[in-house]
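Chemist: Take this structure, written in structure tokens, and hold onto it; I'll ask about it next.
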Amino acid sequence: MSELLEVAARVAGWARDGEDVEVYVSRGTETEVRAYEGEVESLSSATSAGAGIRVVRGGRQGFAYAGALDEEVLAETLAEARDNASFSSAEAWVGLPEPDGARPVVLDLWREELAGYPTAGKVNAALDLERAVRAADPRVRQVESANWGDVCSEKALASSLGVQASDRSTACYLSAVAVAGEGAQSQVASGFSVGRAPSELDSAKAAGDAVSRAVRLLGATKPPSAHLPVVFEPRVSAQLTSLLGSVLSGERVLKGTSLFADRLGEQVAAPGVTLMDDPTIPDAWRAASFDDEGLACRPNTMIEGGVLRAYLYDSTSARRASTFSTASAVRAGYKSAPGVGSRAVYLVPGELSANEVLAGLGEGLLVQSLSGLHSGVNPVSGDFSVGAEGLLFRGGELSTPVREITIASSIQRMLQGVTTVGNDLQWLPSSAAGVTLAISEMSMSGA
Amino acid sequence: MTAAAGDPNLIDEAVVARVLSQALKTGGEFAEVFAEDRRGSTLGLDDGRIEDISSGHDRGAGIRVVAGNTTGFAHTADLSERGLLKAAEAASAAARSGGGGTREVALSRRQPASPSRVEVLPAGVGKDRKVELLHKADAAARAAGGSVRQVNAFYRDSRRQVLVASSEGVLASDDQVRAQFRVTVVASGDAGMQTGAESVGATMGFELFDRHDVEELARSAARRSLRKLQARPAPSGTMPVVIKCGSGGVLFHEACGHGLEADHIAKAVSVFAGKVGEQVAAPSVTLVDDGTMSHEWGAVAIDDEGRPTSRNVLIQDGVLTDYMWDWLRARQQDKDVSANGRRQSYQHLPMVRMTNTYLLNGGDSPDEIVRQTRHGVYVAQLGGGQVNTATGDFVFGMTEAYMIEDGQLTDPIRDANLIGNGPQVLRDIDALGDDFAMGWPGTCGKQGQGVPVGMGQPTLRVRGLTIGGTAR
């Protein structure tokens with residue numbers, strides 16, 4: 001039993017008669033190096049740990065957390081969670097999960113190579129990245145950031161109902177933001193590479209992506225407003241896919257605030273759309289053997305051939321809906337109680353490459369980045385309106401770069417309007433994978 | 001009680017001095033200890049039930065050491081002398097400079113009074129009273145109309161006690177108490193569901209709820225959602241936009257606020273770099289960042305580098321007067337700090353951040369501004385925004401807006417983002433009202449760190465902004 005699991009199990013054992021206690025503990029060691037103009041701008045390194053405790057008594061739930069694992073702190077935190085529970089509303093469906101017998105997929109997400117990697121190697125990687133960005137193109141004016149980051153994390157969960165789970169993983173990344181300029185205009189773009197160990201990182205790709213994406217926007221203008229086909233690059237479509245994951249929460253459906261409520265079995269998307277959440281894919285950034293209530297993660301198909309098949313549930317929402325948890329409980333670290341969420345959402349890829357997708361459409365807008373997603377997408381009404389940058393394409397070839405535009409539609413219409421899902425699936429540092437995605441028509445607002 | 005005194009006992013002064021000396025033992029020109037104790041609680045009502053009650057406690061210190069152009073940083077949750085010394089060594093090793101030697105650190109306490117008096121510490125208020133606020137809001141929103149389908153109400157309070165000490169002798173503490181309430185209502189009609197929200201927050205205690213009636217906030221949020229059931233698609237294209245007082249400070253936060261942060265300036269990734277002394281905005285525009293604004297969401301006695309906050313004029317009558325500075329950028333450019341060094345927590349390095357950013361009154365009548373707009377959009381409430389400081393292009397969302405036709409407000413329109421270019425929008429402000437108001441509490445995100453900020457403005461008109469709607 002890992003040391004963290006021992007801590008969690010011991011505290012869960014403090015449960016009193018008539019109450020259930022769940023203890024989630026995590027510990028992480030992070031390093032971040034920022035390079036600027038050939039020097040280390042900053043180097044941060046620290047270990048932090050904390051615990052989040054849930055208490056359920058008589059259908060009432062309370063939660064408390066603390067950023068320490070000392071015995072005294074844990075006892076105080078449990079007492080606070082217990083007190084919180086006494087003020088919440090009682091409902092029959094509120095409760096911790098029982099072990100459901102599902103066998104976890106064993107994933108190897110820990111790389112000793114990273115855990116033992118020297119600081120000097122991390123520093124050099126950041127400095128090399130910055131140098132590579134500056135050297136890549138004479139139009140590079142500035143490197144806004146060139147960073148190394150890594151984290152080695154462990155977590156464990158135990159409950160008085162007998163759920164026990166523990167996991168550990170490593171991750172590291174290189175990321176760069178390049179500013180390219182020509183005349184009075186500057187354009188900015190980012191590039192990155194992620195992996196579980198330093199040997200999995202591709203510094204040249206991170207530098208190259210940042211520079212080529214900034215340079216190709218030079219000369220961008222604000223085009224006249226139009227309605228046109230829109231193609232999302234994989235890293236943009238991953239943002240949209242991630243949004244879909246949250247809209248398909250069974251909890252939202254129960255509360256009547258999902259635009260997908262009451263639509264199981266209906267054709268909610270074009271026939272080429274199959275949407276899954278599968279945290280057991282080891283390449284997924286948030287791959288996990290267990291969800292954040294300790295149940296074994298499993299593949300879930302939410303949309304199949306355009307037909308809505310299932311919602312995602314954690315144990316509480318599942319009990320309320322008289323169904324089973326899909327092991328979709330997620331937390332934002334020890335400070336948050338679990339809620340419904342996705343870890344590894346993706347669109348099942350099609351057959352065409354990105355170039356073939358563009359060629360097939362002839363003309364339209366290729367979107368390379370979005371802004372204002374948090375303010376421009378209403379998950380209740382489905383209204384979608386966000387800022388965008390990218391390039392117009394004609395005859396299947398990229399042509400004019402464009403900026404200061406918005407693209408708008410609704411989530412419902414966009415799903416029905418999917419004309420192609422590309423074949424270039426890539427896992428990104430998020431809860432989703434990206435793939436080239438074409439939509440038949442959106443409103444582009446410009447001059 | 002007042003919140004001015006802080007908690008000077010977070011770490012003993014003599015220990016702080018020894019830790020700073022240790023941090024500089026292997027070289028480095030600057031060392032700083034930032035200690036923090038943060039407690040908070042949140043209560044959430046959804047679907048008529050109190051579903052989430054959560055409380056948390058975090059306590060620790062971040063230590064940074066600067067040697068040449070390199071900053072070393074480490075943090076620890078262990079505030080004992082042993083824990084702090086270990087973190088100091090780690091930060092010092094990270095800054096990895098050569099040289100070394102012993103340096104005594106002499107601390108001198110400079111304790112500014114808090115701009116925000118706290119009357120009732122939220123931690124001392126019974127949870128039953130907080131629960132009652134949420135239930136009241138739920139009932140009031142549901143009573144506002146039969147089409148109200150769902151209500152989400154949220155209460156949060158926090159107390160953040162900080163102590164900052166540096167090898168430059170800075171020693172100061174602060175006790176920051178905040179309370180917040182938000183309600184979101186979902187209404188359902190023939191054309192689908194719509195949302196409406198209200199939000200209040202202040203640097204004060206539970207007395208926030210003597211000043212704001214949660215039932216009235218809930219009714220207002222419900223009215224917003226109900227009106228939007230009749231909303232037509234937002235227009236698509238560029239047109240005049242009138243923004244209601246107190247609803248759209250986020251416009252300036254994004255259009256130029258971030259571009260005036262000295263870290264963006266130092267790296268030349270701001271369209272406002274090199275423009276001090278130039279006319280960057282319409283002559284009516286005076287923009288201020290002010291951490292001393294009593295009770296506002298971004299009000300603090302000291303910034304997270306221990307400097308007393310102040311009222312800093314950024315743009316005066318359209319002329320760019322200064323940027324915002326933290327310790328590091330001020331030192332590099334040989335400027336005075338403007339007390340804009342802030343951080344999310346002890347686990348983060350400080351950087352240049354806004355506090356309360358607002359536009360001063362102009363002389364126009366708000367009604368007249370609408371009357372003199374032939375065709376455009378009236379925004380009664382803005383949502384969040386985002387900016388690309390290198391290009392100046394920024395977006396922000398509107399969550400309550402109406403068409404203006406022949407000088408009159410007409411139909412409500414559906415949610416959409418607006419997009420503009422900061423320098424262009426500042427020049428395009430062609431009417432400025434005399435009805436200044438501060439807006440909703442905001443959380444500003446930058447490089448993954450969130451800090452509370454305030455925003456405000458009078459009613460104003462921008463000659464042309466691009467509305468990202470779908471109407472043909």
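By order in the structure tokens, chains are A, B, ...; within a chain, residues start at 1; ligands start at 1, following the order shown.
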If you count only C-alpha atoms, which residues fall within 10 Å of B:Glu216, apart from same-chain ones fewer than 2 positions away, as a VMD selection string?

Modeler: chain B and resid 136 to 137 140 to 141 198 212 to 214 218 to 222

Chemist: Show me, as a PyMOL selection string, every residue of chain A with an atom at most 6 Å from chain B, counting only C-alpha atoms.

Modeler: chain A and resi 40-46+62-67+84+88-89+372+375-376+381+385-386+406+408+443+445-447

Chemist: Report, in Å with one decimal, the straight-line distance from atom CA of A:Leu398 to atom CA of A:Gln185.

Modeler: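 Rounded to one decimal, the two atoms are 20.1 Å apart.
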
Chemist: List as a list of chain:residue names the protein and nucleic acid residues near stretch 294-297 of chain A, meaning an atom at most 6 Å away when only C-alpha atoms are counted, but skip any in the same chain fewer than 6 places from it.

Modeler: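 After dropping sequence-adjacent residues, the list is A:Ala102, A:Pro104, A:Ala165, A:Ala327.
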
Chemist: Just the residues within 10 Å of B:Glu368, please, counting only C-alpha atoms, with nothing from its chain fewer than 3 positions along; format it as a ChimeraX atom specification.

Modeler: /B:364-365,371-373,407,431,433

Chemist: Which neighbours of B:Leu460 fall inside 12 Å, counting only C-alpha atoms, when residues of the same chain fewer than 5 positions from it are skipped, and could you give them as JSON, numbers by chain?

Modeler: {"B": [240, 241, 242, 243, 244, 245, 246, 247, 248, 249, 251, 252, 282, 284, 285, 359, 360, 361, 362, 363, 364, 365, 366, 367, 368, 369, 370, 373, 377, 378, 379, 380, 425, 426, 428, 429, 430, 431, 432, 433, 434, 435, 436, 437]}

Chemist: Write out as a list in words the residues lying within 8 Å of A:Val11, counting only C-alpha atoms and excluding same-chain residues fewer than 4 positions away.

Modeler: Val7, Ala15, Val23, Leu74 and Ala75 of chain A

Chemist: Take the residues from that selection and put them in a file with C-alpha atoms, as an mmCIF file, in the first residue's frame.

Modeler:
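File again-v6.cif, as written:
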data_model
loop_
_atom_site.group_PDB
_atom_site.id
_atom_site.type_symbol
_atom_site.label_atom_id
_atom_site.label_comp_id
_atom_site.auth_asym_id
_atom_site.auth_seq_id
_atom_site.Cartn_x
_atom_site.Cartn_y
_atom_site.Cartn_z
ATOM 1 C CA VAL A 7 -2.962 8.139 5.091
ATOM 2 C CA ALA A 15 -15.767 7.613 10.272
ATOM 3 C CA VAL A 23 -10.519 10.930 1.798
ATOM 4 C CA LEU A 74 -6.549 16.107 8.789
ATOM 5 C CA ALA A 75 -8.595 15.770 11.983
#

Chemist: In Å, how far is it from atom CA of B:Ala339 to atom CA of B:Phe206?

Modeler: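 Atom-to-atom, atom CA of B:Ala339 and atom CA of B:Phe206 are spaced 27.6 Å apart.
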
Chemist: Write down as a PyMOL selection string the residues of stretch 206-352 of chain A whose backbone DSSP state falls under alpha helix (DSSP H).

Modeler: chain A and resi 206-215+234-247+250-254+315-320

Chemist: Write out, as an mmCIF file, in the first residue's frame, the residues just selected, with N, CA and C atoms.

Modeler:
data_model
loop_
_atom_site.group_PDB
_atom_site.id
_atom_site.type_symbol
_atom_site.label_atom_id
_atom_site.label_comp_id
_atom_site.auth_asym_id
_atom_site.auth_seq_id
_atom_site.Cartn_x
_atom_site.Cartn_y
_atom_site.Cartn_z
ATOM 1 N N ALA A 206 8.000 22.050 -31.029
ATOM 2 C CA ALA A 206 7.447 23.155 -30.237
ATOM 3 C C ALA A 206 7.880 24.497 -30.819
ATOM 4 N N ALA A 207 9.178 24.618 -31.123
ATOM 5 C CA ALA A 207 9.700 25.871 -31.673
ATOM 6 C C ALA A 207 9.129 26.119 -33.066
ATOM 7 N N GLY A 208 9.159 25.088 -33.896
ATOM 8 C CA GLY A 208 8.700 25.219 -35.281
ATOM 9 C C GLY A 208 7.231 25.607 -35.369
ATOM 10 N N ASP A 209 6.391 24.973 -34.561
ATOM 11 C CA ASP A 209 4.961 25.296 -34.576
ATOM 12 C C ASP A 209 4.715 26.743 -34.175
ATOM 13 N N ALA A 210 5.377 27.178 -33.094
ATOM 14 C CA ALA A 210 5.168 28.553 -32.622
ATOM 15 C C ALA A 210 5.525 29.536 -33.731
ATOM 16 N N VAL A 211 6.671 29.303 -34.366
ATOM 17 C CA VAL A 211 7.149 30.263 -35.365
ATOM 18 C C VAL A 211 6.308 30.201 -36.641
ATOM 19 N N SER A 212 6.064 29.004 -37.157
ATOM 20 C CA SER A 212 5.340 28.939 -38.435
ATOM 21 C C SER A 212 3.912 29.458 -38.277
ATOM 22 N N ARG A 213 3.329 29.210 -37.111
ATOM 23 C CA ARG A 213 1.954 29.667 -36.909
ATOM 24 C C ARG A 213 1.887 31.180 -36.741
ATOM 25 N N ALA A 214 2.913 31.786 -36.146
ATOM 26 C CA ALA A 214 2.933 33.256 -36.028
ATOM 27 C C ALA A 214 3.221 33.882 -37.393
ATOM 28 N N VAL A 215 4.206 33.324 -38.100
ATOM 29 C CA VAL A 215 4.624 33.903 -39.381
ATOM 30 C C VAL A 215 3.503 33.846 -40.416
ATOM 31 N N PRO A 234 -6.682 20.733 -35.260
ATOM 32 C CA PRO A 234 -6.860 19.815 -34.123
ATOM 33 C C PRO A 234 -6.823 20.500 -32.763
ATOM 34 N N ARG A 235 -5.879 21.427 -32.532
ATOM 35 C CA ARG A 235 -5.846 21.968 -31.172
ATOM 36 C C ARG A 235 -7.049 22.864 -30.866
ATOM 37 N N VAL A 236 -7.702 23.383 -31.916
ATOM 38 C CA VAL A 236 -8.927 24.159 -31.703
ATOM 39 C C VAL A 236 -10.119 23.222 -31.503
ATOM 40 N N SER A 237 -10.170 22.165 -32.321
ATOM 41 C CA SER A 237 -11.316 21.254 -32.179
ATOM 42 C C SER A 237 -11.292 20.572 -30.816
ATOM 43 N N ALA A 238 -10.089 20.397 -30.246
ATOM 44 C CA ALA A 238 -10.009 19.794 -28.902
ATOM 45 C C ALA A 238 -10.735 20.666 -27.882
ATOM 46 N N GLN A 239 -10.674 21.991 -28.054
ATOM 47 C CA GLN A 239 -11.381 22.882 -27.125
ATOM 48 C C GLN A 239 -12.896 22.682 -27.254
ATOM 49 N N LEU A 240 -13.347 22.474 -28.484
ATOM 50 C CA LEU A 240 -14.784 22.284 -28.704
ATOM 51 C C LEU A 240 -15.230 20.923 -28.168
ATOM 52 N N THR A 241 -14.405 19.918 -28.404
ATOM 53 C CA THR A 241 -14.741 18.569 -27.944
ATOM 54 C C THR A 241 -14.827 18.532 -26.420
ATOM 55 N N SER A 242 -13.902 19.248 -25.793
ATOM 56 C CA SER A 242 -13.882 19.328 -24.344
ATOM 57 C C SER A 242 -15.178 19.973 -23.827
ATOM 58 N N LEU A 243 -15.642 21.008 -24.531
ATOM 59 C CA LEU A 243 -16.910 21.659 -24.182
ATOM 60 C C LEU A 243 -18.077 20.680 -24.272
ATOM 61 N N LEU A 244 -18.077 19.873 -25.334
ATOM 62 C CA LEU A 244 -19.151 18.888 -25.505
ATOM 63 C C LEU A 244 -19.173 17.930 -24.319
ATOM 64 N N GLY A 245 -17.987 17.555 -23.874
ATOM 65 C CA GLY A 245 -17.899 16.672 -22.723
ATOM 66 C C GLY A 245 -18.645 17.231 -21.531
ATOM 67 N N SER A 246 -18.534 18.554 -21.310
ATOM 68 C CA SER A 246 -19.196 19.129 -20.137
ATOM 69 C C SER A 246 -20.695 19.292 -20.362
ATOM 70 N N VAL A 247 -21.099 19.544 -21.593
ATOM 71 C CA VAL A 247 -22.530 19.709 -21.865
ATOM 72 C C VAL A 247 -23.260 18.363 -21.745
ATOM 73 N N GLY A 250 -24.505 14.145 -17.108
ATOM 74 C CA GLY A 250 -25.808 13.658 -16.678
ATOM 75 C C GLY A 250 -26.416 14.534 -15.595
ATOM 76 N N GLU A 251 -25.572 15.209 -14.833
ATOM 77 C CA GLU A 251 -26.078 16.083 -13.785
ATOM 78 C C GLU A 251 -26.824 17.267 -14.402
ATOM 79 N N ARG A 252 -26.228 17.858 -15.468
ATOM 80 C CA ARG A 252 -26.908 18.948 -16.177
ATOM 81 C C ARG A 252 -28.254 18.479 -16.723
ATOM 82 N N VAL A 253 -28.261 17.263 -17.246
ATOM 83 C CA VAL A 253 -29.486 16.725 -17.822
ATOM 84 C C VAL A 253 -30.569 16.619 -16.747
ATOM 85 N N LEU A 254 -30.179 16.084 -15.579
ATOM 86 C CA LEU A 254 -31.143 15.929 -14.483
ATOM 87 C C LEU A 254 -31.718 17.265 -14.053
ATOM 88 N N SER A 315 -21.238 9.096 -9.108
ATOM 89 C CA SER A 315 -22.111 8.184 -8.371
ATOM 90 C C SER A 315 -23.401 8.856 -7.902
ATOM 91 N N THR A 316 -23.318 10.112 -7.482
ATOM 92 C CA THR A 316 -24.513 10.792 -6.981
ATOM 93 C C THR A 316 -25.530 11.030 -8.097
ATOM 94 N N SER A 317 -25.065 11.584 -9.221
ATOM 95 C CA SER A 317 -26.016 11.857 -10.308
ATOM 96 C C SER A 317 -26.561 10.550 -10.877
ATOM 97 N N ALA A 318 -25.732 9.489 -10.873
ATOM 98 C CA ALA A 318 -26.199 8.201 -11.399
ATOM 99 C C ALA A 318 -27.326 7.642 -10.519
ATOM 100 N N ARG A 319 -27.133 7.722 -9.222
ATOM 101 C CA ARG A 319 -28.153 7.202 -8.312
ATOM 102 C C ARG A 319 -29.457 7.974 -8.504
ATOM 103 N N ARG A 320 -29.319 9.290 -8.702
ATOM 104 C CA ARG A 320 -30.514 10.093 -8.896
ATOM 105 C C ARG A 320 -31.217 9.725 -10.206
#

Chemist: Might you pull out every residue within 6 Å of stretch 141-144 of chain A, with only C-alpha atoms counted and same-chain residues fewer than 5 positions away left off, and present them as a list in words?

Modeler: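 Result of the neighbour search: Val177, Ala178, Val179, Ala180 and Gly181 of chain A.
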
Chemist: With only C-alpha atoms as the basis for distance, which of B:Gln447, B:Gln180, B:Gln230, B:Gln381 is at the shortest distance from B:Trp297?

Modeler: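 Answer, going by the shortest atom-to-atom distance: B:Gln180.
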
Chemist: Looking at A:Val151, A:Ala171, A:Leu129, A:Leu5, which one is nearest to A:Gly191, with distances taken over only C-alpha atoms?

Modeler: A:Leu129

Chemist: Which of these residues is nearest to A:Arg216, using only C-alpha atoms: A:Thr280, A:Ser48, A:Ser145, A:Thr400?

Modeler: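 Among the listed residues, A:Thr400 lies closest to A:Arg216.
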
Chemist: From a DSSP calculation on the backbone, collect every residue of stretch 30-72 of chain A in strand (DSSP E or B) and output the set as number ranges by chain.

Modeler: A: 30-36, 39-57, 60-66
